[in-house]
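Shown next: data.cif, containing mmCIF, C-alpha atoms.
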data_my_file
loop_
_atom_site.label_atom_id
_atom_site.label_comp_id
_atom_site.auth_asym_id
_atom_site.auth_seq_id
_atom_site.Cartn_x
_atom_site.Cartn_y
_atom_site.Cartn_z
CA MET A 47 63.77 103.21 96.74
CA SER A 48 63.78 103.73 100.50
CA GLY A 49 61.48 106.29 102.02
CA GLY A 50 64.39 107.96 103.79
CA GLU A 51 65.95 109.36 100.67
CA TYR A 52 62.61 110.60 99.39
CA GLY A 53 61.69 112.15 102.70
CA GLU A 54 64.29 114.82 102.18
CA LEU A 55 62.10 117.11 100.14
CA GLY A 56 59.57 117.16 102.94
CA GLY A 57 62.27 117.76 105.51
CA SER A 58 63.74 120.70 103.70
CA LEU A 59 60.42 122.46 103.41
CA PRO A 60 59.22 122.98 106.97
CA VAL A 61 58.03 126.48 106.20
CA ILE A 62 55.86 125.29 103.34
CA ALA A 63 54.41 122.52 105.46
CA SER A 64 53.28 125.06 108.03
CA LEU A 65 52.04 127.42 105.34
CA ASN A 66 50.00 124.60 103.89
CA ALA A 67 48.45 123.80 107.20
CA SER A 68 47.36 127.41 107.59
CA TYR A 69 45.42 127.59 104.32
CA SER A 70 42.88 124.99 103.39
CA THR A 71 44.07 122.64 100.65
CA SER A 72 41.82 124.12 98.00
CA VAL A 73 43.40 127.51 98.57
CA SER A 74 47.01 126.57 99.09
CA VAL A 75 47.67 125.56 95.47
CA PRO A 76 46.76 128.75 93.59
CA SER A 77 49.08 131.66 94.24
CA GLN A 78 50.14 134.68 92.23
CA TYR A 79 49.46 132.88 88.99
CA LEU A 80 45.80 133.49 89.63
CA LEU A 81 46.36 137.22 89.47
CA ALA A 82 45.74 136.98 85.75
CA PRO A 83 42.62 139.00 84.93
CA PRO A 84 39.54 136.76 84.97
CA ALA A 85 39.38 136.99 81.17
CA GLU A 86 42.56 134.95 80.95
CA ARG A 87 41.04 132.20 83.03
CA LYS A 88 38.58 129.84 81.37
CA LEU A 89 35.94 131.92 79.62
CA ILE A 90 33.19 129.43 80.34
CA SER A 91 33.48 126.82 83.06
CA ASP A 92 32.98 123.12 82.29
CA VAL A 93 29.91 122.85 84.46
CA ARG A 94 28.31 125.86 82.71
CA ARG A 95 29.07 124.33 79.32
CA THR A 96 27.30 121.13 80.41
CA PHE A 97 24.30 123.23 81.46
CA CYS A 98 24.15 124.93 78.03
CA LEU A 99 24.34 121.50 76.42
CA PHE A 100 21.40 120.32 78.54
CA VAL A 101 19.35 123.38 77.50
CA THR A 102 20.02 122.50 73.85
CA PHE A 103 18.96 118.90 74.57
CA ASP A 104 15.72 120.26 76.06
CA LEU A 105 14.85 122.10 72.82
CA LEU A 106 15.73 119.17 70.55
CA PHE A 107 13.98 116.58 72.72
CA ILE A 108 10.69 118.52 72.99
CA SER A 109 10.80 119.27 69.22
CA LEU A 110 11.32 115.57 68.51
CA LEU A 111 8.40 114.58 70.76
CA TRP A 112 6.21 117.19 69.06
CA ILE A 113 7.03 115.83 65.58
CA ILE A 114 6.31 112.28 66.75
CA GLU A 115 3.02 113.47 68.26
CA MET A 116 1.98 115.03 64.93
CA ASN A 117 2.73 111.78 63.14
CA VAL A 118 0.75 109.75 65.63
CA SER A 119 -2.30 111.96 66.02
CA PHE A 120 -2.92 112.87 62.37
CA SER A 121 -3.05 109.97 59.98
CA SER A 122 -2.54 112.33 57.02
CA SER A 123 0.90 113.58 55.89
CA ILE A 124 3.22 115.55 58.18
CA TRP A 125 2.59 118.75 56.20
CA ASP A 126 -1.15 118.54 56.78
CA SER A 127 -0.61 117.97 60.45
CA LEU A 128 1.85 120.91 60.55
CA GLU A 129 -0.78 123.12 58.96
CA ASN A 130 -3.34 121.84 61.43
CA GLU A 131 -1.08 122.55 64.43
CA VAL A 132 0.48 125.84 63.33
CA VAL A 133 -1.78 127.63 60.85
CA HIS A 134 -5.07 126.52 62.44
CA TYR A 135 -3.60 126.82 65.91
CA SER A 136 -5.96 126.34 68.78
CA PHE A 137 -4.98 126.46 72.45
CA SER A 138 -7.03 123.43 73.35
CA THR A 139 -5.94 121.06 70.58
CA SER A 140 -2.43 122.09 69.41
CA PHE A 141 0.90 121.12 70.90
CA PHE A 142 2.74 123.77 68.87
CA ASP A 143 2.83 126.17 71.81
CA ILE A 144 4.75 123.64 73.94
CA ALA A 145 7.45 123.48 71.24
CA LEU A 146 7.51 127.31 71.15
CA LEU A 147 7.85 127.31 74.92
CA ALA A 148 10.94 125.08 74.60
CA LEU A 149 12.36 127.53 72.05
CA PHE A 150 11.65 130.43 74.45
CA ARG A 151 13.56 128.63 77.25
CA PHE A 152 16.41 127.81 74.90
CA LEU A 153 16.86 131.40 73.67
CA CYS A 154 16.54 133.03 77.10
CA LEU A 155 18.90 130.63 78.86
CA GLN A 156 21.56 130.47 76.14
CA VAL A 157 21.67 134.27 75.75
CA ALA A 158 21.79 134.81 79.51
CA TYR A 159 24.12 132.02 80.64
CA ALA A 160 26.26 131.36 77.55
CA GLY A 161 26.18 134.78 75.90
CA PHE A 162 26.28 137.12 78.91
CA ARG A 163 27.56 134.46 81.34
CA LEU A 164 25.22 135.69 84.08
CA LYS A 165 25.96 134.56 87.62
CA HIS A 166 22.39 134.98 88.86
CA TRP A 167 19.31 132.75 88.79
CA TRP A 168 16.68 135.35 87.84
CA VAL A 169 16.51 134.41 84.13
CA ILE A 170 15.91 130.72 84.80
CA ALA A 171 13.41 131.66 87.52
CA ILE A 172 11.38 133.54 84.88
CA THR A 173 11.60 130.77 82.23
CA THR A 174 10.65 128.04 84.71
CA LEU A 175 7.80 130.09 86.16
CA VAL A 176 6.39 130.89 82.70
CA THR A 177 6.76 127.23 81.67
CA SER A 178 5.09 125.88 84.82
CA VAL A 179 2.16 128.32 84.77
CA PHE A 180 1.59 127.83 81.03
CA LEU A 181 1.67 124.04 81.27
CA VAL A 182 -0.70 123.91 84.24
CA VAL A 183 -3.19 126.20 82.43
CA LYS A 184 -2.79 124.18 79.23
CA VAL A 185 -3.49 120.88 80.95
CA ILE A 186 -6.58 122.28 82.71
CA LYS A 187 -8.06 124.15 79.73
CA SER A 188 -7.33 121.83 76.85
CA ASN A 189 -8.84 118.56 75.81
CA LEU A 190 -5.46 117.17 74.71
CA LEU A 191 -5.80 114.21 76.98
CA ASP A 192 -8.50 112.79 74.74
CA SER A 193 -6.22 112.52 71.69
CA ASN A 194 -3.49 110.05 72.71
CA ALA A 195 -0.71 109.28 75.16
CA PHE A 196 1.24 112.33 73.94
CA GLY A 197 -1.38 114.47 75.58
CA TYR A 198 0.36 113.46 78.81
CA VAL A 199 3.95 112.98 77.64
CA LEU A 200 4.66 116.43 76.17
CA PRO A 201 3.46 118.64 79.04
CA ILE A 202 4.95 116.35 81.70
CA THR A 203 8.33 116.11 79.93
CA SER A 204 8.48 119.90 79.43
CA PHE A 205 7.65 120.44 83.08
CA VAL A 206 10.28 117.97 84.36
CA VAL A 207 13.04 119.19 82.04
CA ALA A 208 12.42 122.85 82.94
CA TRP A 209 12.73 122.06 86.65
CA LEU A 210 15.81 119.90 86.05
CA GLU A 211 17.46 122.89 84.37
CA THR A 212 16.62 125.07 87.36
CA TRP A 213 18.02 122.53 89.80
CA PHE A 214 21.19 122.03 87.74
CA LEU A 215 21.90 125.76 87.42
CA ASP A 216 21.22 126.57 91.06
CA PHE A 217 22.85 123.59 92.75
CA LYS A 218 25.66 122.82 90.36
CA VAL A 219 26.66 125.70 88.07
CA LEU A 220 26.32 128.70 90.35
CA SER A 221 27.52 127.01 93.55
CA GLN A 222 30.57 125.45 91.87
CA GLU A 223 31.55 128.70 90.14
CA ALA A 224 31.13 130.62 93.38
CA GLU A 225 33.37 128.07 95.10
CA GLU A 226 36.06 128.53 92.42
CA GLU A 227 35.73 132.29 92.70
CA ARG A 228 36.19 132.11 96.49
CA ALA A 229 39.30 129.97 96.05
CA TYR A 230 40.54 132.51 93.50
CA VAL A 231 40.01 135.51 95.79
CA ALA A 232 41.48 133.73 98.81
CA ALA A 233 44.49 132.75 96.73
CA VAL A 234 44.97 136.30 95.49
CA ASN A 235 44.84 137.56 99.07
CA ALA A 236 47.20 134.81 100.18
CA ALA A 237 49.57 135.75 97.37
CA CYS A 238 49.49 139.41 98.37
CA GLU A 239 49.99 138.77 102.05
CA ARG A 240 52.24 135.77 101.65
CA ALA A 241 55.49 135.98 103.51
CA PRO A 242 58.46 135.91 101.11
CA MET A 243 59.61 132.89 103.14
CA MET A 244 58.42 130.11 100.86
CA TYR A 245 61.59 128.13 101.28
CA PRO A 246 63.76 128.48 104.39
CA ARG A 247 65.82 131.33 102.98
CA ALA A 248 66.54 132.97 106.32
CA VAL A 249 69.36 130.51 106.96
CA SER A 250 70.82 131.07 103.52
CA ASP A 251 74.43 132.04 104.29
CA GLY A 252 73.90 135.54 102.89
CA GLN A 253 73.36 134.24 99.39
CA PHE A 254 71.94 136.60 96.75
CA TYR A 255 68.20 136.49 96.63
CA SER A 256 65.88 138.49 94.42
CA PRO A 257 62.54 139.42 96.01
CA PRO A 258 59.67 137.45 94.49
CA GLU A 259 57.54 140.54 93.97
CA SER A 260 59.14 143.92 93.45
CA ILE A 261 56.70 146.66 94.37
CA ALA A 262 55.91 149.03 91.53
CA GLY A 263 58.39 151.85 91.46
CA SER A 264 61.11 149.92 93.29
CA GLU A 265 62.95 149.02 90.08
CA GLU A 266 65.48 151.78 90.62
CA GLU A 267 66.61 150.32 93.94
CA LEU A 268 67.29 146.97 92.30
CA ASP A 269 70.13 148.54 90.35
CA GLU A 270 72.33 148.53 93.38
CA GLU A 271 72.17 144.76 93.66
CA GLY A 272 74.81 144.47 90.99
CA LEU A 273 72.85 142.49 88.41
CA GLY A 274 74.73 141.96 85.17
CA ARG A 275 71.77 142.06 82.79
CA LYS A 276 68.56 143.83 83.62
CA ALA A 277 65.01 143.90 82.25
CA VAL A 278 64.45 147.37 80.81
CA THR A 279 61.56 147.43 78.33
CA ALA A 280 57.93 146.74 79.23
CA GLN A 281 58.15 143.46 77.28
CA GLU A 282 61.21 142.35 79.24
CA LYS A 283 59.54 143.18 82.54
CA GLU A 284 56.55 141.17 81.36
CA TYR A 285 58.84 138.17 80.74
CA VAL A 286 60.38 138.54 84.22
CA GLN A 287 56.91 138.72 85.74
CA GLN A 288 55.81 135.58 83.86
CA GLY A 289 58.95 133.81 85.08
CA LYS A 290 58.21 134.76 88.68
CA VAL A 291 54.62 133.59 88.35
CA ALA A 292 55.77 130.21 86.98
CA LEU A 293 58.30 129.91 89.80
CA SER A 294 55.69 130.59 92.46
CA VAL A 295 53.33 127.97 90.98
CA VAL A 296 56.11 125.37 90.85
CA GLU A 297 56.94 126.13 94.49
CA GLN A 298 53.30 125.60 95.40
CA ILE A 299 53.26 122.27 93.54
CA LEU A 300 56.43 121.11 95.29
CA ALA A 301 54.88 122.11 98.60
CA GLN A 302 51.89 119.84 97.95
CA GLU A 303 53.84 116.59 97.86
CA GLU A 304 51.40 114.79 100.13
CA ASN A 305 48.65 115.45 97.54
CA TRP A 306 50.58 114.07 94.55
CA LYS A 307 48.80 111.08 93.08
CA PHE A 308 51.12 108.19 92.16
CA GLU A 309 50.76 107.11 88.52
CA LYS A 310 53.63 104.76 87.63
CA ASN A 311 57.28 104.03 88.23
CA ASN A 312 60.15 102.41 86.35
CA ASP A 313 62.97 99.97 87.19
CA MET A 314 65.29 102.79 88.19
CA GLY A 315 62.97 103.84 91.00
CA ASP A 316 61.80 107.02 89.26
CA ALA A 317 58.13 107.74 89.83
CA VAL A 318 55.59 109.84 87.95
CA TYR A 319 52.84 111.56 89.94
CA THR A 320 50.00 113.85 88.95
CA LEU A 321 48.36 116.79 90.65
CA GLU A 322 45.30 118.76 89.58
CA VAL A 323 46.31 122.41 89.70
CA PRO A 324 43.44 124.93 89.68
CA PHE A 325 43.14 126.82 86.36
CA HIS A 326 46.01 124.82 84.85
CA GLY A 327 44.67 121.28 84.95
CA LYS A 328 46.59 118.04 85.26
CA THR A 329 50.27 118.49 86.08
CA PHE A 330 52.78 115.65 85.83
CA ILE A 331 55.61 115.35 88.31
CA LEU A 332 58.60 113.08 87.87
CA LYS A 333 60.78 112.39 90.87
CA GLY A 334 63.99 110.43 90.82
CA LEU A 335 67.19 109.98 92.77
CA MET A 336 70.43 110.79 90.92
CA GLN A 337 73.74 109.25 91.92
CA CYS A 338 75.67 112.46 91.35
CA PRO A 339 76.11 115.91 92.94
CA ALA A 340 73.28 118.40 92.40
CA GLU A 341 75.67 120.81 90.63
CA LEU A 342 76.13 118.37 87.74
CA VAL A 343 72.41 118.05 87.03
CA TYR A 344 72.00 121.80 87.46
CA GLN A 345 74.71 122.43 84.89
CA GLU A 346 73.29 119.99 82.33
CA VAL A 347 69.54 120.57 82.66
CA ILE A 348 69.13 124.12 83.93
CA LEU A 349 72.23 126.09 82.89
CA GLN A 350 72.66 124.87 79.34
CA PRO A 351 69.24 124.19 77.86
CA GLU A 352 70.53 124.76 74.33
CA LYS A 353 73.03 121.90 74.70
CA MET A 354 70.31 119.47 75.73
CA VAL A 355 69.67 118.49 72.11
CA GLN A 356 73.03 116.71 72.05
CA TRP A 357 71.92 114.11 74.59
CA ASN A 358 68.16 114.42 75.13
CA ARG A 359 66.37 112.42 72.45
CA THR A 360 62.96 113.71 73.53
CA ILE A 361 63.67 117.11 71.97
CA ILE A 362 64.75 118.02 68.45
CA ALA A 363 65.77 121.63 69.01
CA CYS A 364 66.26 124.16 71.77
CA GLN A 365 67.52 127.66 71.21
CA ILE A 366 67.73 130.70 73.45
CA LEU A 367 65.76 133.53 71.83
CA GLN A 368 66.54 136.18 74.42
CA ARG A 369 68.35 136.55 77.72
CA VAL A 370 66.14 138.98 79.58
CA ASP A 371 68.12 139.31 82.79
CA ASP A 372 70.56 137.17 84.76
CA ASN A 373 67.82 134.80 85.87
CA THR A 374 65.31 134.96 83.01
CA LEU A 375 65.49 133.74 79.44
CA VAL A 376 63.10 133.01 76.58
CA THR A 377 63.66 129.72 74.75
CA TYR A 378 62.28 127.97 71.70
CA ASP A 379 61.94 124.19 72.02
CA VAL A 380 60.80 121.51 69.61
CA SER A 381 59.76 118.20 71.14
CA ALA A 382 60.23 114.93 69.27
CA GLY A 383 57.15 112.92 68.32
CA ALA A 384 55.89 110.44 70.90
CA ALA A 385 53.61 107.41 71.28
CA GLY A 386 55.10 105.72 68.23
CA GLY A 387 54.56 108.72 65.98
CA VAL A 388 50.89 109.21 66.90
CA VAL A 389 51.79 112.44 68.70
CA SER A 390 53.72 114.49 66.14
CA ALA A 391 56.49 116.98 66.98
CA ARG A 392 55.40 120.13 68.80
CA ASP A 393 57.13 123.47 69.19
CA PHE A 394 56.99 125.72 72.26
CA VAL A 395 58.06 129.23 73.20
CA ASN A 396 58.78 129.37 76.93
CA VAL A 397 60.00 131.92 79.41
CA ARG A 398 62.30 130.35 82.05
CA ARG A 399 63.42 131.68 85.37
CA VAL A 400 66.34 130.19 87.27
CA ASP A 401 66.73 130.41 91.02
CA ARG A 402 69.78 129.19 92.93
CA ARG A 403 69.21 128.47 96.58
CA ARG A 404 71.22 127.09 99.43
CA ASP A 405 69.64 123.63 99.33
CA CYS A 406 68.33 123.41 95.78
CA TYR A 407 68.41 124.71 92.22
CA LEU A 408 65.15 125.67 90.55
CA SER A 409 64.21 126.46 86.99
CA ALA A 410 60.59 127.29 86.24
CA GLY A 411 58.83 128.40 83.10
CA MET A 412 55.63 128.66 81.12
CA ALA A 413 54.40 129.46 77.62
CA THR A 414 54.91 132.96 76.27
CA THR A 415 55.17 134.65 72.87
CA HIS A 416 58.20 136.08 71.11
CA HIS A 417 58.42 138.04 67.86
CA ALA A 418 61.35 135.91 66.66
CA LYS A 419 59.23 132.75 66.62
CA PRO A 420 55.66 133.25 65.44
CA ARG A 421 53.54 130.12 64.90
CA CYS A 422 54.62 128.17 61.83
CA SER A 423 52.79 125.59 59.74
CA ARG A 424 55.57 123.03 60.19
CA TYR A 425 54.75 122.25 63.82
CA VAL A 426 51.69 122.36 66.01
CA ARG A 427 52.41 125.02 68.65
CA GLY A 428 51.99 123.47 72.10
CA GLU A 429 51.46 125.49 75.25
CA ASN A 430 53.16 124.83 78.55
CA GLY A 431 51.52 125.71 81.82
CA PRO A 432 53.76 126.48 84.82
CA GLY A 433 56.41 123.77 85.24
CA GLY A 434 60.13 123.27 85.53
CA PHE A 435 63.02 121.43 87.14
CA MET A 436 64.22 121.22 90.70
CA VAL A 437 67.48 119.68 91.83
CA LEU A 438 67.51 119.15 95.56
CA LYS A 439 70.82 118.69 97.34
CA SER A 440 70.98 115.86 99.83
CA SER A 441 71.57 117.07 103.37
CA SER A 442 73.42 113.90 104.32
CA ASN A 443 75.33 112.92 101.17
CA PRO A 444 76.67 115.52 98.69
CA ALA A 445 77.25 112.79 96.07
CA ILE A 446 73.53 112.25 95.48
CA CYS A 447 70.59 114.52 94.73
CA THR A 448 66.86 114.37 94.08
CA PHE A 449 65.67 115.47 90.66
CA ILE A 450 62.08 116.65 90.16
CA TRP A 451 60.52 117.60 86.84
CA VAL A 452 57.14 119.36 86.91
CA LEU A 453 55.38 119.25 83.53
CA ASN A 454 52.10 120.88 82.61
CA THR A 455 51.56 120.94 78.88
CA ASP A 456 48.76 121.33 76.39
CA LEU A 457 49.84 119.61 73.19
CA LYS A 458 46.91 121.12 71.25
CA GLY A 459 45.73 119.13 68.22
CA HIS A 460 42.83 116.69 68.60
CA LEU A 461 44.29 113.87 70.61
CA PRO A 462 42.58 111.63 73.14
CA ARG A 463 43.59 112.66 76.63
CA TYR A 464 44.58 109.18 77.85
CA LEU A 465 47.01 108.84 74.94
CA ILE A 466 48.67 112.16 75.80
CA HIS A 467 48.95 111.20 79.47
CA GLN A 468 50.53 107.85 78.61
CA SER A 469 52.97 109.43 76.19
CA LEU A 470 53.94 112.15 78.70
CA ALA A 471 54.83 109.63 81.41
CA ALA A 472 56.82 107.59 78.87
CA THR A 473 58.62 110.74 77.67
CA MET A 474 59.52 111.65 81.24
CA PHE A 475 61.05 108.23 81.91
CA GLU A 476 62.89 108.39 78.58
CA PHE A 477 64.28 111.80 79.53
CA MET A 478 65.59 110.36 82.82
CA SER A 479 67.43 107.55 81.05
CA HIS A 480 69.04 110.08 78.67
CA LEU A 481 69.96 112.29 81.62
CA ARG A 482 71.61 109.42 83.53
CA GLN A 483 73.53 108.45 80.42
CA ARG A 484 74.65 112.04 79.93
CA ILE A 485 75.80 112.36 83.56
CA THR A 486 77.83 109.14 83.18
CA GLU A 487 79.48 110.48 80.00
CA VAL A 488 80.26 113.84 81.60
CA ARG A 489 81.84 112.15 84.61
CA MET A 490 83.86 109.84 82.38
CA SER A 491 85.17 112.78 80.35
CA HIS A 492 85.95 114.66 83.57
CA ARG A 493 87.89 111.68 84.85
CA SER A 494 89.87 111.19 81.67
CA HIS A 495 90.55 114.93 81.60
CA HIS A 496 91.67 114.78 85.21
CA HIS A 497 93.79 111.73 84.45
CA HIS A 498 95.61 113.51 81.59
CA HIS A 499 96.34 116.47 83.86
CA HIS A 500 98.08 114.32 86.40
CA GLN A 501 100.29 112.49 83.94
#
Exercise: express the given structure as C-alpha cells:
Amino acid sequence: MSGGEYGELGGSLPVIASLNASYSTSVSVPSQYLLAPPAERKLISDVRRTFCLFVTFDLLFISLLWIIEMNVSFSSSIWDSLENEVVHYSFSTSFFDIALLALFRFLCLQVAYAGFRLKHWWVIAITTLVTSVFLVVKVIKSNLLDSNAFGYVLPITSFVVAWLETWFLDFKVLSQEAEEERAYVAAVNAACERAPMMYPRAVSDGQFYSPPESIAGSEEELDEEGLGRKAVTAQEKEYVQQGKVALSVVEQILAQEENWKFEKNNDMGDAVYTLEVPFHGKTFILKGLMQCPAELVYQEVILQPEKMVQWNRTIIACQILQRVDDNTLVTYDVSAGAAGGVVSARDFVNVRRVDRRRDCYLSAGMATTHHAKPRCSRYVRGENGPGGFMVLKSSSNPAICTFIWVLNTDLKGHLPRYLIHQSLAATMFEFMSHLRQRITEVRMSHRSHHHHHHQ
C-alpha cells in the first residue's frame, strides 16, 4: 500500500492538523464527550484503586507479622499468647497496639479515599503522623528489643509501609487525578470555544450542514431548515445529543492519525491501529483502501445498516428501533461469536448519527438504552464507546475511496483483555473481506441490470 493513497486523510484535514497543534496532545483528544457529569466518568480511578489495595495489604501484612511474632515469642499455644498480648496488655511488652495501629490506618484511609473519595492529603498526614510518633515512643519506652528479632521487624515495617502509603498517595494518586482533571477542564473549555470548523466545511459548495451544537432555545429556528423528521421529545433530543457527542469524538480520533499505534495488517493492505482515548480506553481503528466509489460503501455500510446481516457474517441481527430525525437513528445489533466460540454473541443498543460532507461520509454512534430492547438473558449486553465509519472520497480518483472503521467496545463478561483485542482485530479484517465481496456482488448485479436495459 503506497503512502500516497493513505496520505489523503491527512491532506483533507488541514484544519484539524492546525487545531491539534494549538492544543497539547493530552487535551486535543477529549472534546464534548467529556461534558458528561463527573459521576458518569470512572467513579474511582485505577491509581486510587491500587492505593486502596495497598492499604489493605498493609493491614493484612502487619496482622500476619503480629501472629507470627506471637507464635515465636510464646512457646505456649496461640490462645495463651493472644491472652497475654491482648487481655494482659502492657505498652512495653505487647505488639497488639501495632496491629491496632494498622487497623486505624486501614479504616481512616479506606473511609476517606475509597468511601468519600477525598482529593486532599490531610487524612493520610494524620495517620502517618500518629503512626510515626507512636512507633518512635514505643521503640524508646518498651523493652521489646530484648524478646526477639520481631522487636525490630514490626515497628520498622509499620513505619516504612505508612510512609510508602503517604508517598504513593501524594506523588501518584493525587497528582495523576489532578492531571486528568486539568485535561478534562481544558477539553470542556476547548469544546465550548471550539470553532465549528472541524473539517474544512467552508468550501462545501453550499451543502446542508447541521450545527454541531444548537444553543438551548434555538430549536425553533431549526424548523426552517426543512428537515423531514425532527426530534421532539426530551428522549429524542437526548438521542440526538448522544449522536453528536459520538460524532465529535470520532472526528477527534480521525484527527489524531499521527498518534495511532499500528497493530497488524492483512494481505489486502488493510491495517488495524489502536489509540488510547481518555475516559473511553482502547479504541481500534481499521483503515483500508476500497476499489470502488465512496457512494457505494456509504450506501452499503452507513445507509442500510439493517441489510448488513445479508452479507456481513460478523453480525447476526441488526434492526432499526427508531428513526429520531433525518440524521439520527437507534439500532439494535447482535454480533456473532468470535475467537472460535470463546467470545459468545453479544447484543448492543446504539444511537447512530450520519453526516454527509463534501469529501467524506461519516456515521458515528455509541451505546444507549431503548425501551423496546431491555437487557435479555439470551445475550450478554455489550457497550460501545464512541465509534463509527468514515468513507473518504479520493481527491484524485473517484473510483477509489478510503474506508475507516473506529471501534470502541466493552464486551462485558469476564474475558481476558488480550483475547478480546485479538478477536476484535480478526473481526475487523473479516468484516472487510465481507464488505469487499458485497461490493463486488453489487457491482456485478448493477452491470447485469445495466446490460439488460441496453438489450
Quick one: what's the axis-aligned box for segment 198-217 of chain A, all listed atoms, 3 Å on every side, centre and edges in Å to one decimal, as AutoDock Vina command-line options?
--center_x 11.6 --center_y 119.8 --center_z 84.5 --size_x 28.5 --size_y 19.6 --size_z 22.6
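Among the candidates A:Asn396, A:Ser491, A:Gln345, A:Gln337, the residue lying nearest to Gln365 of chain A is A:Asn396 (atoms considered: all atoms listed in the file).
If you measure from each of A:Thr320, A:Ser440, A:Thr448, A:Ser294 to Ser409 of chain A using all atoms listed in the file, the closest one turns out to be A:Ser294.
Of the listed residues A:Trp357, A:Tyr378, A:Phe137, A:Tyr407, the one whose atoms come nearest to Pro420 of chain A is A:Tyr378, with distances taken using all atoms listed in the file.
Distance-wise, atom CA of Ala158 of chain A and atom CA of Ile170 of chain A end up 8.9 Å apart.
With atom CA of Ser204 of chain A on one side and atom CA of Lys187 of chain A on the other, the separation reads 17.1 Å.
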When distances are computed from all atoms listed in the file, which of A:Trp213, A:Phe330, A:Phe449, A:Phe205 shows the smallest separation from Leu470 of chain A?
A:Phe330
I need the output of the PyMOL selection byres ((chain A and resi 173) around 9) for this file as a compact mmCIF listing (two decimals) with C-alpha atoms, in the frame of the given file; which residues are they?
# COMPACT_ATOMS: atom_id res chain seq x y z
CA LEU A 147 7.85 127.31 74.92
CA PHE A 150 11.65 130.43 74.45
CA ARG A 151 13.56 128.63 77.25
CA CYS A 154 16.54 133.03 77.10
CA LEU A 155 18.90 130.63 78.86
CA TRP A 168 16.68 135.35 87.84
CA VAL A 169 16.51 134.41 84.13
CA ILE A 170 15.91 130.72 84.80
CA ALA A 171 13.41 131.66 87.52
CA ILE A 172 11.38 133.54 84.88
CA THR A 174 10.65 128.04 84.71
CA LEU A 175 7.80 130.09 86.16
CA VAL A 176 6.39 130.89 82.70
CA THR A 177 6.76 127.23 81.67
CA SER A 178 5.09 125.88 84.82
CA ALA A 208 12.42 122.85 82.94
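Against this structure, the PyMOL selection byres ((chain A and resi 215-227) around 7) ends up with Val93, Arg94, Phe97, Lys165, Trp167, Glu211, Thr212, Trp213, Phe214, Arg228, Ala229, Tyr230 and Val231 of chain A.
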Between A:Ala445, A:Ile366, A:Leu461, A:Ile90, single out the one closest to Leu164 of chain A, counting all atoms listed in the file.
A:Ile90
Tell me which protein, DNA and RNA residues are within 10 Å of Asn305 of chain A, counting only C-alpha atoms, leaving out same-chain ones fewer than 3 positions away, and put them as a PyMOL selection string.
chain A and resi 71+299-302+308+319-322
Would you write out those residues with C-alpha atoms, as a short mmCIF file (atom, residue, chain, number, x, y, z; two decimals), in the frame of the given file?
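Saved result, again12.cif, follows:
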data_model
loop_
_atom_site.label_atom_id
_atom_site.label_comp_id
_atom_site.auth_asym_id
_atom_site.auth_seq_id
_atom_site.Cartn_x
_atom_site.Cartn_y
_atom_site.Cartn_z
CA THR A 71 44.07 122.64 100.65
CA ILE A 299 53.26 122.27 93.54
CA LEU A 300 56.43 121.11 95.29
CA ALA A 301 54.88 122.11 98.60
CA GLN A 302 51.89 119.84 97.95
CA PHE A 308 51.12 108.19 92.16
CA TYR A 319 52.84 111.56 89.94
CA THR A 320 50.00 113.85 88.95
CA LEU A 321 48.36 116.79 90.65
CA GLU A 322 45.30 118.76 89.58
#
